[in-house]
Amino acid sequence: MKKKVILLTSLIAVMLVMSASAVSASAPNEPSFTLINRFDGFNDKEGGPGNPGDRFGISATGDSDFDGDGFIDIIVGSPRADVKKRGENEGKVFVLSGKALLDGASLADAIIIEVDGEPTDNNTGELGFRQSVHSRDVTGDGVPDLLIGAWRADPVIGKKTTLVDAGTTFLYDGAMLLDGASQADSLLFRIDGEAGDRLGRPSMFVGDIDKDGVEDFFVGAHRAEVIVGTTTLFNAGKGFLISGGDLSILHVF
């Protein structure tokens with residue numbers, strides 16, 4: 001029995017070697033991948049990108065060139081990042097230079113745009129959560145603009161009314177952010193949900209629906225209440241289709 005086990009083990013080893021040889025021989029005909037850059041979700045500077053608990057990288061997209069250098073740049077969400085001297089978990093979104101990453105730059109050195117979430121009552125704004133970072137050029141200046149959702153945001157109406165967990169989606173002028181303008185000055189459009197709606201997930205461009213030559217975008221509010229007659233449908237959800245051209249609401253689902 002012992003001899004059989006040894007023989008079987010030897011046979012398996014030979015088969016593995018043969019299999020490895022076959023894979024090695026076929027490798028030239030198969031696609032290969034090269035690691036361009038690896039950056040960890042950690043930074044030792046307070047308020048910097050990638051601190052413990054920030055959830056850096058939970059959302060990411062890369063199909064636009066913001067700085068015009070011919071390289072695609074990457075937008076990355078960090079929804080639990082703390083905005084320095086303001087609070088906790090407001091969230092941040094970073095646009096990282098594709099060329100800088102290709103050249104081996106660190107995360108901090110690759111940042112070309114940084115957007116901060118707003119302060120919240122519940123300390124959980126989560127700007128840039130899943131399916132809530134996107135970019136297209138809606139201003140026609142050749143620079144992509146940023147669409148970002150903060151599904152746990154608490155927008156304030158008037159001076160005293162806070163809509164907890166209403167959620168907000170922001171559209172920012174990419175060229176102005178790139179030039180160092182403030183978020184307030186760069187804001188093209190915002191839409192707030194009602195309390196509890198958690199609007200902003202998803203926030204995404206969906207093509208030119210109204211055929212005006214500018215891409216339109218969709219914003220979801222997955223916990224919104226819908227009233228049908230005298231019946232309230234809790235957590236039924238809503239969706240908003242918004243024109244990228246004139247920023248009007250085209251349709252509410």
# chains A, B, ... in the order shown; residues from 1 in each chain; ligands from 1
$ residues_around --residues "segment 184-195 of chain A" --least-positions-apart "4" --cutoff "8 Å" --atoms "only C-alpha atoms" --output "number ranges by chain"
A: 154-155, 163-174, 176-177, 199, 221, 224, 247
$ write_last_selection --atoms "C-alpha atoms" --output "PDB file, in the first residue's frame"
ATOM      1  CA  ASP A 154     -27.790  65.646   4.917  1.00  0.00           C
ATOM      2  CA  PRO A 155     -28.683  68.733   2.876  1.00  0.00           C
ATOM      3  CA  LEU A 163     -32.851  66.358   5.631  1.00  0.00           C
ATOM      4  CA  VAL A 164     -31.075  63.386   7.194  1.00  0.00           C
ATOM      5  CA  ASP A 165     -29.937  60.733   4.709  1.00  0.00           C
ATOM      6  CA  ALA A 166     -31.619  62.587   1.857  1.00  0.00           C
ATOM      7  CA  GLY A 167     -28.585  62.284  -0.386  1.00  0.00           C
ATOM      8  CA  THR A 168     -27.192  64.738  -2.918  1.00  0.00           C
ATOM      9  CA  THR A 169     -25.658  64.549  -6.371  1.00  0.00           C
ATOM     10  CA  PHE A 170     -23.259  67.246  -7.592  1.00  0.00           C
ATOM     11  CA  LEU A 171     -22.098  68.162 -11.095  1.00  0.00           C
ATOM     12  CA  TYR A 172     -18.818  70.103 -11.097  1.00  0.00           C
ATOM     13  CA  ASP A 173     -17.053  72.007 -13.879  1.00  0.00           C
ATOM     14  CA  GLY A 174     -13.891  69.981 -14.444  1.00  0.00           C
ATOM     15  CA  MET A 176     -12.558  75.115 -13.046  1.00  0.00           C
ATOM     16  CA  LEU A 177     -11.580  72.446 -10.515  1.00  0.00           C
ATOM     17  CA  LEU A 199     -30.336  59.903  -3.472  1.00  0.00           C
ATOM     18  CA  ALA A 221     -32.908  57.536  -4.931  1.00  0.00           C
ATOM     19  CA  ALA A 224     -37.527  57.194  -1.747  1.00  0.00           C
ATOM     20  CA  LEU A 247     -29.726  70.703 -16.610  1.00  0.00           C
TER      21      LEU A 247
END
$ select_by_dssp --residues "segment 92-253 of chain A" --states "helix (DSSP H, G or I)" --output "PyMOL selection string"
chain A and resi 98-102+107-110+174-178+183-186
$ write_last_selection --atoms "all heavy atoms" --output "tab-separated table (two decimals), in the first residue's frame"
chain	number	residue	atom	x	y	z
A	98	GLY	N	-3.26	59.81	-14.99
A	98	GLY	CA	-2.85	58.53	-15.55
A	98	GLY	C	-1.38	58.50	-15.91
A	98	GLY	O	-0.70	57.49	-15.70
A	99	LYS	N	-0.87	59.60	-16.42
A	99	LYS	CA	0.54	59.65	-16.79
A	99	LYS	C	1.43	59.56	-15.56
A	99	LYS	O	2.45	58.86	-15.56
A	99	LYS	CB	0.85	60.93	-17.55
A	99	LYS	CG	2.29	61.02	-18.04
A	99	LYS	CD	2.56	62.28	-18.83
A	99	LYS	CE	3.97	62.26	-19.43
A	99	LYS	NZ	5.03	62.05	-18.44
A	100	ALA	N	1.04	60.26	-14.49
A	100	ALA	CA	1.84	60.23	-13.26
A	100	ALA	C	1.88	58.82	-12.69
A	100	ALA	O	2.94	58.35	-12.25
A	100	ALA	CB	1.27	61.20	-12.24
A	101	LEU	N	0.75	58.13	-12.71
A	101	LEU	CA	0.71	56.75	-12.21
A	101	LEU	C	1.57	55.84	-13.08
A	101	LEU	O	2.27	54.96	-12.58
A	101	LEU	CB	-0.72	56.24	-12.17
A	101	LEU	CG	-1.67	56.92	-11.18
A	101	LEU	CD1	-3.08	56.39	-11.35
A	101	LEU	CD2	-1.20	56.70	-9.74
A	102	LEU	N	1.53	56.09	-14.40
A	102	LEU	CA	2.34	55.30	-15.33
A	102	LEU	C	3.83	55.50	-15.06
A	102	LEU	O	4.64	54.58	-15.21
A	102	LEU	CB	2.01	55.69	-16.76
A	102	LEU	CG	2.55	54.81	-17.89
A	102	LEU	CD1	1.93	53.42	-17.79
A	102	LEU	CD2	2.23	55.43	-19.24
A	107	LEU	N	0.49	58.03	-4.69
A	107	LEU	CA	-0.90	58.44	-4.72
A	107	LEU	C	-1.04	59.94	-4.51
A	107	LEU	O	-1.73	60.64	-5.27
A	107	LEU	CB	-1.67	57.69	-3.63
A	107	LEU	CG	-3.13	58.07	-3.40
A	107	LEU	CD1	-3.93	57.85	-4.66
A	107	LEU	CD2	-3.71	57.26	-2.25
A	108	ALA	N	-0.37	60.48	-3.51
A	108	ALA	CA	-0.46	61.91	-3.21
A	108	ALA	C	0.03	62.76	-4.37
A	108	ALA	O	-0.56	63.80	-4.69
A	108	ALA	CB	0.32	62.23	-1.94
A	109	ASP	N	1.10	62.34	-5.03
A	109	ASP	CA	1.68	63.12	-6.12
A	109	ASP	C	0.87	63.02	-7.41
A	109	ASP	O	1.05	63.84	-8.32
A	109	ASP	CB	3.12	62.67	-6.39
A	109	ASP	CG	4.07	63.06	-5.27
A	109	ASP	OD1	3.73	63.99	-4.51
A	109	ASP	OD2	5.13	62.42	-5.13
A	110	ALA	N	0.00	62.02	-7.50
A	110	ALA	CA	-0.77	61.82	-8.73
A	110	ALA	C	-2.09	62.59	-8.73
A	110	ALA	O	-2.76	62.67	-9.76
A	110	ALA	CB	-1.06	60.33	-8.94
A	174	GLY	N	-15.21	70.57	-14.57
A	174	GLY	CA	-13.89	69.98	-14.44
A	174	GLY	C	-12.77	70.96	-14.70
A	174	GLY	O	-11.73	70.93	-14.04
A	175	ALA	N	-12.95	71.86	-15.67
A	175	ALA	CA	-11.91	72.83	-16.00
A	175	ALA	C	-11.65	73.78	-14.84
A	175	ALA	O	-10.50	74.11	-14.53
A	175	ALA	CB	-12.30	73.62	-17.25
A	176	MET	N	-12.71	74.20	-14.17
A	176	MET	CA	-12.56	75.11	-13.05
A	176	MET	C	-11.87	74.43	-11.87
A	176	MET	O	-10.99	75.01	-11.22
A	176	MET	CB	-13.91	75.69	-12.63
A	176	MET	CG	-14.53	76.59	-13.67
A	176	MET	SD	-16.06	77.38	-13.11
A	176	MET	CE	-15.43	78.49	-11.83
A	177	LEU	N	-12.25	73.18	-11.59
A	177	LEU	CA	-11.58	72.45	-10.52
A	177	LEU	C	-10.10	72.26	-10.83
A	177	LEU	O	-9.24	72.39	-9.96
A	177	LEU	CB	-12.24	71.08	-10.31
A	177	LEU	CG	-13.64	71.07	-9.69
A	177	LEU	CD1	-14.18	69.64	-9.68
A	177	LEU	CD2	-13.63	71.62	-8.27
A	178	LEU	N	-9.82	71.97	-12.09
A	178	LEU	CA	-8.43	71.76	-12.52
A	178	LEU	C	-7.60	73.03	-12.35
A	178	LEU	O	-6.40	72.97	-12.03
A	178	LEU	CB	-8.42	71.30	-13.97
A	178	LEU	CG	-7.16	70.60	-14.50
A	178	LEU	CD1	-6.90	69.31	-13.75
A	178	LEU	CD2	-7.32	70.31	-15.99
A	183	GLN	N	-14.97	74.49	-4.85
A	183	GLN	CA	-16.09	73.64	-5.23
A	183	GLN	C	-17.36	74.47	-5.41
A	183	GLN	O	-18.16	74.19	-6.31
A	183	GLN	CB	-16.31	72.55	-4.18
A	183	GLN	CG	-15.23	71.50	-4.19
A	183	GLN	CD	-15.42	70.45	-3.11
A	183	GLN	OE1	-14.44	69.93	-2.59
A	183	GLN	NE2	-16.65	70.14	-2.75
A	184	ALA	N	-17.55	75.48	-4.57
A	184	ALA	CA	-18.73	76.32	-4.68
A	184	ALA	C	-18.78	77.04	-6.03
A	184	ALA	O	-19.83	77.11	-6.68
A	184	ALA	CB	-18.76	77.33	-3.54
A	185	ASP	N	-17.63	77.56	-6.45
A	185	ASP	CA	-17.59	78.27	-7.73
A	185	ASP	C	-17.67	77.32	-8.92
A	185	ASP	O	-18.08	77.73	-10.01
A	185	ASP	CB	-16.30	79.10	-7.83
A	185	ASP	CG	-16.30	80.29	-6.88
A	185	ASP	OD1	-17.39	80.70	-6.44
A	185	ASP	OD2	-15.20	80.79	-6.56
A	186	SER	N	-17.25	76.08	-8.73
A	186	SER	CA	-17.21	75.10	-9.82
A	186	SER	C	-18.51	74.32	-9.96
A	186	SER	O	-18.67	73.57	-10.93
A	186	SER	CB	-16.07	74.10	-9.58
A	186	SER	OG	-14.83	74.76	-9.45
$ atom_distance --atom1 "atom CA of Arg80 of chain A" --atom2 "atom CA of Ile113 of chain A"
17.8 Å
$ select_by_dssp --residues "segment 79-198 of chain A" --states "strand (DSSP E or B)" --output "PyMOL selection string"
chain A and resi 92-96+111-116+127+133-136+145-150+156-157+161-162+168-172+187-192
$ closest_residue --among "A:Thr34, A:Ser135, A:Ser64, A:Ser59" --to "Ser78 of chain A" --atoms "only C-alpha atoms"
A:Ser59
$ residues_around --residues "Asp137 of chain A" --least-positions-apart "4" --cutoff "12 Å" --atoms "only C-alpha atoms" --output "VMD selection string"
chain A and resid 63 to 66 141 to 147 171 to 175 188 205 207 to 208 213 to 217 244 to 245
